[in-house]
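Trainee: Quick one, work-v3.txt (compact mmCIF, N, CA and C atoms):
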```txt
# COMPACT_ATOMS: atom_id res chain seq x y z
N GLN V 1 -20.67 14.04 20.28
CA GLN V 1 -19.36 14.25 20.88
C GLN V 1 -18.71 15.46 20.22
N LEU V 2 -18.18 16.35 21.04
CA LEU V 2 -17.56 17.56 20.54
C LEU V 2 -16.09 17.29 20.27
N GLN V 3 -15.69 17.40 19.01
CA GLN V 3 -14.29 17.19 18.68
C GLN V 3 -14.03 17.73 17.28
N PHE V 4 -12.75 17.77 16.94
CA PHE V 4 -12.35 18.12 15.58
C PHE V 4 -12.08 16.84 14.80
N VAL V 5 -12.26 16.94 13.50
CA VAL V 5 -11.91 15.85 12.59
C VAL V 5 -10.88 16.41 11.61
N GLU V 6 -9.66 15.87 11.72
CA GLU V 6 -8.59 16.32 10.83
C GLU V 6 -8.54 15.44 9.58
N SER V 7 -8.16 16.03 8.47
CA SER V 7 -8.02 15.29 7.21
C SER V 7 -7.00 16.00 6.32
N GLY V 8 -6.60 15.30 5.26
CA GLY V 8 -5.71 15.91 4.28
C GLY V 8 -4.28 15.44 4.35
N GLY V 9 -3.96 14.62 5.33
CA GLY V 9 -2.60 14.13 5.43
C GLY V 9 -2.29 13.10 4.35
N GLY V 10 -1.05 12.67 4.32
CA GLY V 10 -0.65 11.66 3.35
C GLY V 10 0.85 11.60 3.19
N LEU V 11 1.26 10.87 2.16
CA LEU V 11 2.68 10.73 1.83
C LEU V 11 3.02 11.71 0.71
N VAL V 12 4.04 12.50 0.91
CA VAL V 12 4.43 13.49 -0.09
C VAL V 12 5.95 13.55 -0.16
N GLN V 13 6.46 13.86 -1.33
CA GLN V 13 7.91 13.98 -1.51
C GLN V 13 8.40 15.31 -0.95
N PRO V 14 9.65 15.36 -0.55
CA PRO V 14 10.22 16.64 -0.11
C PRO V 14 10.00 17.73 -1.16
N GLY V 15 9.62 18.90 -0.68
CA GLY V 15 9.30 19.99 -1.58
C GLY V 15 7.84 20.04 -1.98
N GLY V 16 7.09 19.02 -1.66
CA GLY V 16 5.69 18.97 -2.02
C GLY V 16 4.79 19.75 -1.08
N SER V 17 3.49 19.68 -1.34
CA SER V 17 2.51 20.44 -0.56
C SER V 17 1.36 19.55 -0.12
N LEU V 18 0.77 19.93 0.98
CA LEU V 18 -0.46 19.31 1.48
C LEU V 18 -1.31 20.41 2.10
N ARG V 19 -2.62 20.19 2.07
CA ARG V 19 -3.53 21.10 2.75
C ARG V 19 -4.34 20.29 3.76
N LEU V 20 -4.12 20.58 5.03
CA LEU V 20 -4.84 19.91 6.09
C LEU V 20 -6.12 20.67 6.41
N SER V 21 -7.16 19.91 6.74
CA SER V 21 -8.43 20.51 7.16
C SER V 21 -8.76 20.04 8.57
N CYS V 22 -9.40 20.91 9.30
CA CYS V 22 -9.78 20.63 10.69
C CYS V 22 -11.24 21.06 10.83
N ALA V 23 -12.14 20.11 10.79
CA ALA V 23 -13.57 20.41 10.82
C ALA V 23 -14.14 20.16 12.20
N ALA V 24 -14.87 21.12 12.73
CA ALA V 24 -15.49 20.98 14.04
C ALA V 24 -16.74 20.11 13.93
N SER V 25 -16.88 19.20 14.87
CA SER V 25 -18.04 18.33 14.92
C SER V 25 -18.82 18.60 16.20
N GLY V 26 -20.05 19.06 16.06
CA GLY V 26 -20.87 19.29 17.23
C GLY V 26 -20.80 20.68 17.82
N PHE V 27 -20.00 21.56 17.21
CA PHE V 27 -19.90 22.93 17.70
C PHE V 27 -19.36 23.82 16.59
N THR V 28 -19.38 25.11 16.82
CA THR V 28 -18.83 26.05 15.84
C THR V 28 -17.54 26.64 16.38
N VAL V 29 -16.68 27.05 15.47
CA VAL V 29 -15.34 27.48 15.87
C VAL V 29 -15.23 28.98 16.13
N ASP V 30 -16.32 29.72 15.86
CA ASP V 30 -16.25 31.18 15.92
C ASP V 30 -15.63 31.70 17.21
N TYR V 31 -16.00 31.06 18.31
CA TYR V 31 -15.64 31.58 19.63
C TYR V 31 -14.19 31.26 20.00
N TYR V 32 -13.57 30.33 19.29
CA TYR V 32 -12.30 29.77 19.75
C TYR V 32 -11.10 30.20 18.93
N ALA V 33 -9.97 30.30 19.62
CA ALA V 33 -8.69 30.31 18.93
C ALA V 33 -8.36 28.86 18.60
N ILE V 34 -7.81 28.63 17.42
CA ILE V 34 -7.54 27.26 16.97
C ILE V 34 -6.05 27.07 16.77
N GLY V 35 -5.57 25.93 17.17
CA GLY V 35 -4.16 25.61 16.99
C GLY V 35 -3.96 24.32 16.22
N TRP V 36 -2.92 24.30 15.40
CA TRP V 36 -2.43 23.08 14.77
C TRP V 36 -1.19 22.63 15.51
N PHE V 37 -1.12 21.35 15.83
CA PHE V 37 -0.02 20.78 16.58
C PHE V 37 0.48 19.55 15.82
N ARG V 38 1.68 19.13 16.16
CA ARG V 38 2.20 17.89 15.57
C ARG V 38 3.01 17.12 16.59
N GLN V 39 3.03 15.82 16.38
CA GLN V 39 3.81 14.97 17.27
C GLN V 39 4.49 13.89 16.44
N ALA V 40 5.79 13.91 16.47
CA ALA V 40 6.58 12.89 15.78
C ALA V 40 6.91 11.77 16.77
N PRO V 41 7.20 10.58 16.28
CA PRO V 41 7.51 9.46 17.18
C PRO V 41 8.64 9.81 18.14
N GLY V 42 8.40 9.56 19.42
CA GLY V 42 9.43 9.81 20.43
C GLY V 42 9.61 11.25 20.81
N LYS V 43 8.79 12.12 20.27
CA LYS V 43 8.91 13.55 20.58
C LYS V 43 7.64 14.08 21.22
N GLU V 44 7.78 15.22 21.89
CA GLU V 44 6.62 15.85 22.50
C GLU V 44 5.77 16.57 21.45
N ARG V 45 4.51 16.71 21.77
CA ARG V 45 3.62 17.45 20.89
C ARG V 45 4.02 18.93 20.91
N GLU V 46 4.07 19.54 19.72
CA GLU V 46 4.47 20.93 19.64
C GLU V 46 3.46 21.73 18.84
N ALA V 47 3.35 23.00 19.18
CA ALA V 47 2.46 23.90 18.44
C ALA V 47 3.13 24.31 17.13
N VAL V 48 2.43 24.12 16.04
CA VAL V 48 2.94 24.46 14.72
C VAL V 48 2.43 25.84 14.29
N SER V 49 1.14 26.07 14.48
CA SER V 49 0.55 27.33 14.07
C SER V 49 -0.77 27.52 14.80
N CYS V 50 -1.08 28.76 15.11
CA CYS V 50 -2.33 29.07 15.79
C CYS V 50 -2.95 30.32 15.17
N ILE V 51 -4.27 30.42 15.30
CA ILE V 51 -4.98 31.57 14.76
C ILE V 51 -6.00 32.03 15.80
N SER V 52 -6.05 33.33 16.02
CA SER V 52 -6.93 33.86 17.05
C SER V 52 -8.38 33.84 16.59
N ASN V 53 -9.28 34.03 17.55
CA ASN V 53 -10.71 34.06 17.23
C ASN V 53 -11.20 35.48 17.01
N SER V 54 -10.37 36.46 17.27
CA SER V 54 -10.82 37.86 17.21
C SER V 54 -10.45 38.53 15.90
N ASP V 55 -9.16 38.78 15.72
CA ASP V 55 -8.73 39.53 14.55
C ASP V 55 -7.95 38.69 13.54
N GLY V 56 -7.93 37.38 13.74
CA GLY V 56 -7.22 36.52 12.80
C GLY V 56 -5.72 36.56 12.93
N SER V 57 -5.23 37.05 14.07
CA SER V 57 -3.78 37.03 14.29
C SER V 57 -3.26 35.61 14.24
N THR V 58 -2.04 35.46 13.75
CA THR V 58 -1.49 34.12 13.58
C THR V 58 -0.11 34.00 14.22
N TYR V 59 0.21 32.77 14.53
CA TYR V 59 1.54 32.42 15.06
C TYR V 59 2.05 31.22 14.26
N TYR V 60 3.36 31.20 14.01
CA TYR V 60 3.98 30.05 13.35
C TYR V 60 5.26 29.67 14.09
N LEU V 61 5.45 28.37 14.21
CA LEU V 61 6.72 27.84 14.70
C LEU V 61 7.82 28.33 13.75
N ASP V 62 8.96 28.68 14.28
CA ASP V 62 10.03 29.23 13.45
C ASP V 62 10.36 28.34 12.26
N SER V 63 10.38 27.05 12.48
CA SER V 63 10.80 26.12 11.43
C SER V 63 9.79 26.00 10.28
N VAL V 64 8.57 26.51 10.46
CA VAL V 64 7.57 26.43 9.39
C VAL V 64 7.21 27.81 8.85
N GLN V 65 7.73 28.85 9.49
CA GLN V 65 7.45 30.22 9.05
C GLN V 65 7.81 30.38 7.58
N GLY V 66 6.88 30.93 6.81
CA GLY V 66 7.13 31.14 5.39
C GLY V 66 6.76 29.95 4.52
N ARG V 67 6.52 28.80 5.13
CA ARG V 67 6.15 27.60 4.36
C ARG V 67 4.70 27.18 4.63
N PHE V 68 4.23 27.40 5.85
CA PHE V 68 2.88 27.00 6.25
C PHE V 68 2.00 28.24 6.39
N THR V 69 0.71 28.06 6.08
CA THR V 69 -0.26 29.14 6.25
C THR V 69 -1.52 28.59 6.89
N ILE V 70 -1.92 29.21 8.00
CA ILE V 70 -3.14 28.82 8.68
C ILE V 70 -4.25 29.78 8.28
N SER V 71 -5.46 29.24 8.14
CA SER V 71 -6.62 30.07 7.82
C SER V 71 -7.86 29.43 8.43
N ARG V 72 -8.92 30.24 8.54
CA ARG V 72 -10.15 29.71 9.12
C ARG V 72 -11.34 30.17 8.31
N ASP V 73 -12.34 29.31 8.25
CA ASP V 73 -13.62 29.62 7.61
C ASP V 73 -14.69 29.34 8.66
N ASN V 74 -15.07 30.38 9.38
CA ASN V 74 -16.03 30.19 10.47
C ASN V 74 -17.38 29.69 9.96
N GLY V 75 -17.74 30.08 8.76
CA GLY V 75 -19.01 29.62 8.19
C GLY V 75 -19.06 28.12 8.00
N LYS V 76 -17.91 27.54 7.76
CA LYS V 76 -17.81 26.08 7.59
C LYS V 76 -17.28 25.41 8.85
N SER V 77 -17.03 26.21 9.89
CA SER V 77 -16.45 25.67 11.13
C SER V 77 -15.22 24.82 10.84
N THR V 78 -14.38 25.33 9.99
CA THR V 78 -13.20 24.59 9.55
C THR V 78 -11.97 25.49 9.55
N VAL V 79 -10.86 24.92 9.95
CA VAL V 79 -9.58 25.62 9.93
C VAL V 79 -8.64 24.81 9.05
N TYR V 80 -7.82 25.52 8.28
CA TYR V 80 -6.93 24.87 7.32
C TYR V 80 -5.47 25.15 7.67
N LEU V 81 -4.62 24.23 7.22
CA LEU V 81 -3.18 24.45 7.30
C LEU V 81 -2.59 24.09 5.94
N GLN V 82 -2.22 25.10 5.18
CA GLN V 82 -1.57 24.89 3.89
C GLN V 82 -0.08 24.72 4.14
N MET V 83 0.45 23.60 3.73
CA MET V 83 1.85 23.29 3.98
C MET V 83 2.58 23.16 2.65
N ASN V 84 3.52 24.03 2.42
CA ASN V 84 4.32 24.02 1.19
C ASN V 84 5.78 23.74 1.52
N SER V 85 6.53 23.39 0.49
CA SER V 85 7.97 23.12 0.64
C SER V 85 8.24 22.18 1.81
N LEU V 86 7.50 21.11 1.83
CA LEU V 86 7.58 20.17 2.96
C LEU V 86 8.96 19.52 3.03
N LYS V 87 9.37 19.27 4.26
CA LYS V 87 10.66 18.66 4.55
C LYS V 87 10.46 17.37 5.32
N PRO V 88 11.42 16.46 5.26
CA PRO V 88 11.28 15.21 6.02
C PRO V 88 11.04 15.45 7.51
N GLU V 89 11.60 16.52 8.05
CA GLU V 89 11.41 16.80 9.47
C GLU V 89 10.00 17.29 9.80
N ASP V 90 9.17 17.51 8.79
CA ASP V 90 7.77 17.84 9.03
C ASP V 90 6.93 16.59 9.26
N THR V 91 7.51 15.43 9.09
CA THR V 91 6.79 14.18 9.27
C THR V 91 6.31 14.05 10.71
N ALA V 92 5.00 13.83 10.88
CA ALA V 92 4.40 13.75 12.20
C ALA V 92 2.90 13.49 12.04
N VAL V 93 2.25 13.22 13.15
CA VAL V 93 0.79 13.25 13.18
C VAL V 93 0.39 14.68 13.54
N TYR V 94 -0.50 15.24 12.75
CA TYR V 94 -0.94 16.61 12.95
C TYR V 94 -2.34 16.61 13.57
N TYR V 95 -2.50 17.46 14.58
CA TYR V 95 -3.74 17.58 15.31
C TYR V 95 -4.19 19.04 15.34
N CYS V 96 -5.49 19.24 15.52
CA CYS V 96 -5.97 20.59 15.80
C CYS V 96 -6.80 20.55 17.08
N ALA V 97 -6.92 21.71 17.69
CA ALA V 97 -7.66 21.83 18.94
C ALA V 97 -8.05 23.28 19.14
N ALA V 98 -8.95 23.52 20.10
CA ALA V 98 -9.50 24.85 20.32
C ALA V 98 -9.19 25.36 21.71
N SER V 99 -8.97 26.66 21.80
CA SER V 99 -8.70 27.31 23.08
C SER V 99 -9.62 28.51 23.24
N GLU V 100 -10.05 28.76 24.48
CA GLU V 100 -10.88 29.93 24.77
C GLU V 100 -10.04 31.15 25.13
N THR V 101 -8.74 30.98 25.22
CA THR V 101 -7.89 32.08 25.64
C THR V 101 -7.08 32.63 24.47
N THR V 102 -6.66 33.86 24.62
CA THR V 102 -5.83 34.54 23.63
C THR V 102 -4.58 35.05 24.33
N VAL V 103 -3.43 34.74 23.77
CA VAL V 103 -2.17 35.07 24.41
C VAL V 103 -1.35 35.97 23.49
N TYR V 104 -0.86 37.05 24.07
CA TYR V 104 0.06 37.93 23.35
C TYR V 104 1.33 38.12 24.16
N SER V 105 2.43 38.16 23.46
CA SER V 105 3.70 38.55 24.05
C SER V 105 4.06 39.88 23.43
N GLY V 106 3.78 40.94 24.15
CA GLY V 106 3.89 42.26 23.54
C GLY V 106 2.82 42.38 22.46
N ASP V 107 3.23 42.67 21.24
CA ASP V 107 2.29 42.76 20.12
C ASP V 107 2.17 41.44 19.34
N ASP V 108 2.91 40.45 19.74
CA ASP V 108 2.97 39.19 19.00
C ASP V 108 1.99 38.17 19.56
N TYR V 109 1.13 37.68 18.70
CA TYR V 109 0.18 36.64 19.10
C TYR V 109 0.92 35.32 19.31
N ARG V 110 0.51 34.58 20.32
CA ARG V 110 1.12 33.29 20.64
C ARG V 110 0.05 32.24 20.81
N CYS V 111 0.41 31.01 20.66
CA CYS V 111 -0.50 29.91 20.98
C CYS V 111 -0.70 29.86 22.49
N SER V 112 -1.87 29.46 22.90
CA SER V 112 -2.12 29.25 24.32
C SER V 112 -1.32 28.04 24.79
N PRO V 113 -1.15 27.89 26.10
CA PRO V 113 -0.48 26.69 26.61
C PRO V 113 -1.21 25.43 26.16
N LEU V 114 -0.47 24.36 25.95
CA LEU V 114 -1.04 23.12 25.42
C LEU V 114 -2.22 22.64 26.27
N TRP V 115 -2.09 22.77 27.57
CA TRP V 115 -3.14 22.25 28.46
C TRP V 115 -4.44 23.03 28.33
N ASP V 116 -4.40 24.17 27.66
CA ASP V 116 -5.59 25.01 27.54
C ASP V 116 -6.45 24.62 26.34
N TYR V 117 -5.99 23.68 25.54
CA TYR V 117 -6.71 23.30 24.32
C TYR V 117 -7.64 22.11 24.57
N ASN V 118 -8.77 22.13 23.88
CA ASN V 118 -9.78 21.08 24.01
C ASN V 118 -10.23 20.61 22.63
N TYR V 119 -11.07 19.58 22.65
CA TYR V 119 -11.71 19.05 21.45
C TYR V 119 -10.71 18.47 20.46
N TRP V 120 -9.69 17.82 20.98
CA TRP V 120 -8.68 17.20 20.13
C TRP V 120 -9.30 16.13 19.24
N GLY V 121 -8.84 16.10 17.98
CA GLY V 121 -9.25 15.04 17.08
C GLY V 121 -8.28 13.88 17.11
N GLN V 122 -8.45 12.95 16.17
CA GLN V 122 -7.61 11.76 16.11
C GLN V 122 -6.29 12.03 15.38
N GLY V 123 -6.22 13.14 14.70
CA GLY V 123 -5.00 13.48 13.99
C GLY V 123 -4.96 12.93 12.57
N THR V 124 -4.06 13.50 11.78
CA THR V 124 -3.85 13.03 10.42
C THR V 124 -2.35 12.90 10.19
N GLN V 125 -1.95 11.78 9.62
CA GLN V 125 -0.52 11.49 9.44
C GLN V 125 0.02 12.22 8.21
N VAL V 126 1.12 12.91 8.41
CA VAL V 126 1.86 13.54 7.31
C VAL V 126 3.23 12.90 7.25
N THR V 127 3.55 12.33 6.11
CA THR V 127 4.86 11.70 5.92
C THR V 127 5.54 12.33 4.71
N VAL V 128 6.72 12.88 4.95
CA VAL V 128 7.48 13.52 3.88
C VAL V 128 8.71 12.67 3.62
N SER V 129 8.71 12.03 2.48
CA SER V 129 9.79 11.09 2.18
C SER V 129 9.88 10.88 0.67
N SER V 130 11.10 10.64 0.22
CA SER V 130 11.30 10.34 -1.19
C SER V 130 11.29 8.83 -1.42
```
Using structure tokens, write down the structure from this file.
Mentor:
Amino acid sequence: QLQFVESGGGLVQPGGSLRLSCAASGFTVDYYAIGWFRQAPGKEREAVSCISNSDGSTYYLDSVQGRFTISRDNGKSTVYLQMNSLKPEDTAVYYCAASETTVYSGDDYRCSPLWDYNYWGQGTQVTVSS
């Protein structure tokens, strides 16, 4: 079965850090743009950060800009999300997925539309609480 396996979530105090991993199972990530998404209870799934498959261009949601860093290791077919200075509002289930498309708004890289992503994993819970 082709899917991602997310890991690295957990309970952390405000201001703490976590590093999420997104490992591809059954395929390699080289060809795909990868996105990290999150969904909090009662809210819609939103794109947190994305990374292109070509030049490593990245996108970040405004609320995580400067705190989160996305990276990819194609040799390991794994994408990471380093999350620092975590806030309670970052609490959610985090998912990763792959897209075959690349979207730019002018010179700015953007995540593809949600419906364009495939190979969703089961997600990893991130809880930020004291």
Trainee: I need the residue nearest Phe4 of chain V from this list: V:Gly16, V:Ser21, V:Ser99, V:Asp108. Use only N, CA and C atoms for the distance.
Mentor: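 Ranked by minimum distance to Phe4 of chain V, first place goes to V:Ser21.
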Trainee: Any idea what the distance is between atom CA of Val103 of chain V and atom N of Leu20 of chain V?
Mentor: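 These two atoms are separated by 24.3 Å.
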Trainee: Pull the strand (DSSP E or B) assignments for segment 7-73 of chain V out of DSSP run on the backbone, and list those residues as a PyMOL selection string.
Mentor: chain V and resi 7+10-12+18-25+33-39+46-51+58-60+68-73
Trainee: Rounded to one decimal place, report the atom CA of Ser129 of chain V-atom CA of Pro41 of chain V distance in Å.
Mentor: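 Computing the Euclidean distance for atom CA of Ser129 of chain V and atom CA of Pro41 of chain V yields 15.3 Å.
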Trainee: Give as a PyMOL selection string the set of residues within 6 Å of the point (-0.4, 16.5, 7.9), where distances use the file's coordinates and only C-alpha atoms.
Mentor: chain V and resi 9+20+94+124-126
Trainee: For a cutoff of 8 Å around the file-coordinate point (14.2, 12.1, -2.9), which residues qualify once you count only C-alpha atoms? I'd like the result as a VMD selection string.
Mentor: chain V and resid 13 to 14 129 to 130
Trainee: Between atom CA of Met83 of chain V and atom N of Leu18 of chain V, what is the distance, to one decimal in Å?
Mentor: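 One can read the atom CA of Met83 of chain V to atom N of Leu18 of chain V distance as 4.6 Å.
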Trainee: Pick from V:Gln39, V:Thr127, V:Ser105, V:Ser17: nearest to Thr69 of chain V, with only C-alpha atoms counted?
Mentor: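 Of V:Gln39, V:Thr127, V:Ser105, V:Ser17, the one nearest Thr69 of chain V is V:Ser17, counting only C-alpha atoms.
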Trainee: Of the candidates V:Leu81, V:Val12, V:Ile51, V:Ile70, which shows the shortest atom-to-atom distance to Ala33 of chain V, using only C-alpha atoms?
Mentor: V:Ile51
Trainee: Could the residues of segment 7-53 of chain V that have an atom at most 7 Å from segment 73-80 of chain V be listed as a Markdown table, each with its closest atom pair and the distance in Å to one decimal, counting all atoms listed in the file and ordered by chain and ascending residue number?
Mentor:
```
| residue | atom | partner | partner_atom | distance |
| --- | --- | --- | --- | --- |
| V:Arg19 | C | V:Tyr80 | C | 6.3 |
| V:Leu20 | C | V:Tyr80 | CA | 4.4 |
| V:Ser21 | CA | V:Tyr80 | CA | 4.6 |
| V:Cys22 | C | V:Val79 | N | 4.0 |
| V:Ala23 | CA | V:Thr78 | CA | 4.4 |
| V:Ala24 | N | V:Ser77 | C | 4.2 |
| V:Phe27 | C | V:Ser77 | CA | 6.5 |
| V:Thr28 | CA | V:Ser77 | CA | 5.3 |
| V:Val29 | N | V:Ser77 | CA | 4.6 |
| V:Asp30 | N | V:Asn74 | CA | 5.4 |
```
Trainee: Check the smallest atom-to-atom distance from each of V:Gln1, V:Lys87, V:Arg45, V:Asp107 to Tyr119 of chain V using all atoms listed in the file, then report the winner.
Mentor: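 Closest to Tyr119 of chain V of all the choices is V:Gln1.
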Trainee: Select, from V:Gln82, V:Ser71, V:Thr101, V:Ser7, the residue with the minimum atom-to-atom distance to Tyr117 of chain V, counting all atoms listed in the file.
Mentor: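 Of V:Gln82, V:Ser71, V:Thr101, V:Ser7, the one nearest Tyr117 of chain V is V:Thr101, counting all atoms listed in the file.
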Trainee: Take every atom of segment 13-29 of chain V listed in the file, fit an axis-aligned box around them, add 5 Å per side, and give the centre and edge lengths in Å to one decimal as JSON.
Mentor:
```
{"center_x": -5.3, "center_y": 21.4, "center_z": 7.9, "size_x": 41.1, "size_y": 25.1, "size_z": 29.8}
```
Trainee: List every residue of chain V that DSSP, applied to the backbone, labels as helix (DSSP H, G or I), and write the result as a PyMOL selection string.
Mentor: chain V and resi 62-64+74-76+88-90+114-116
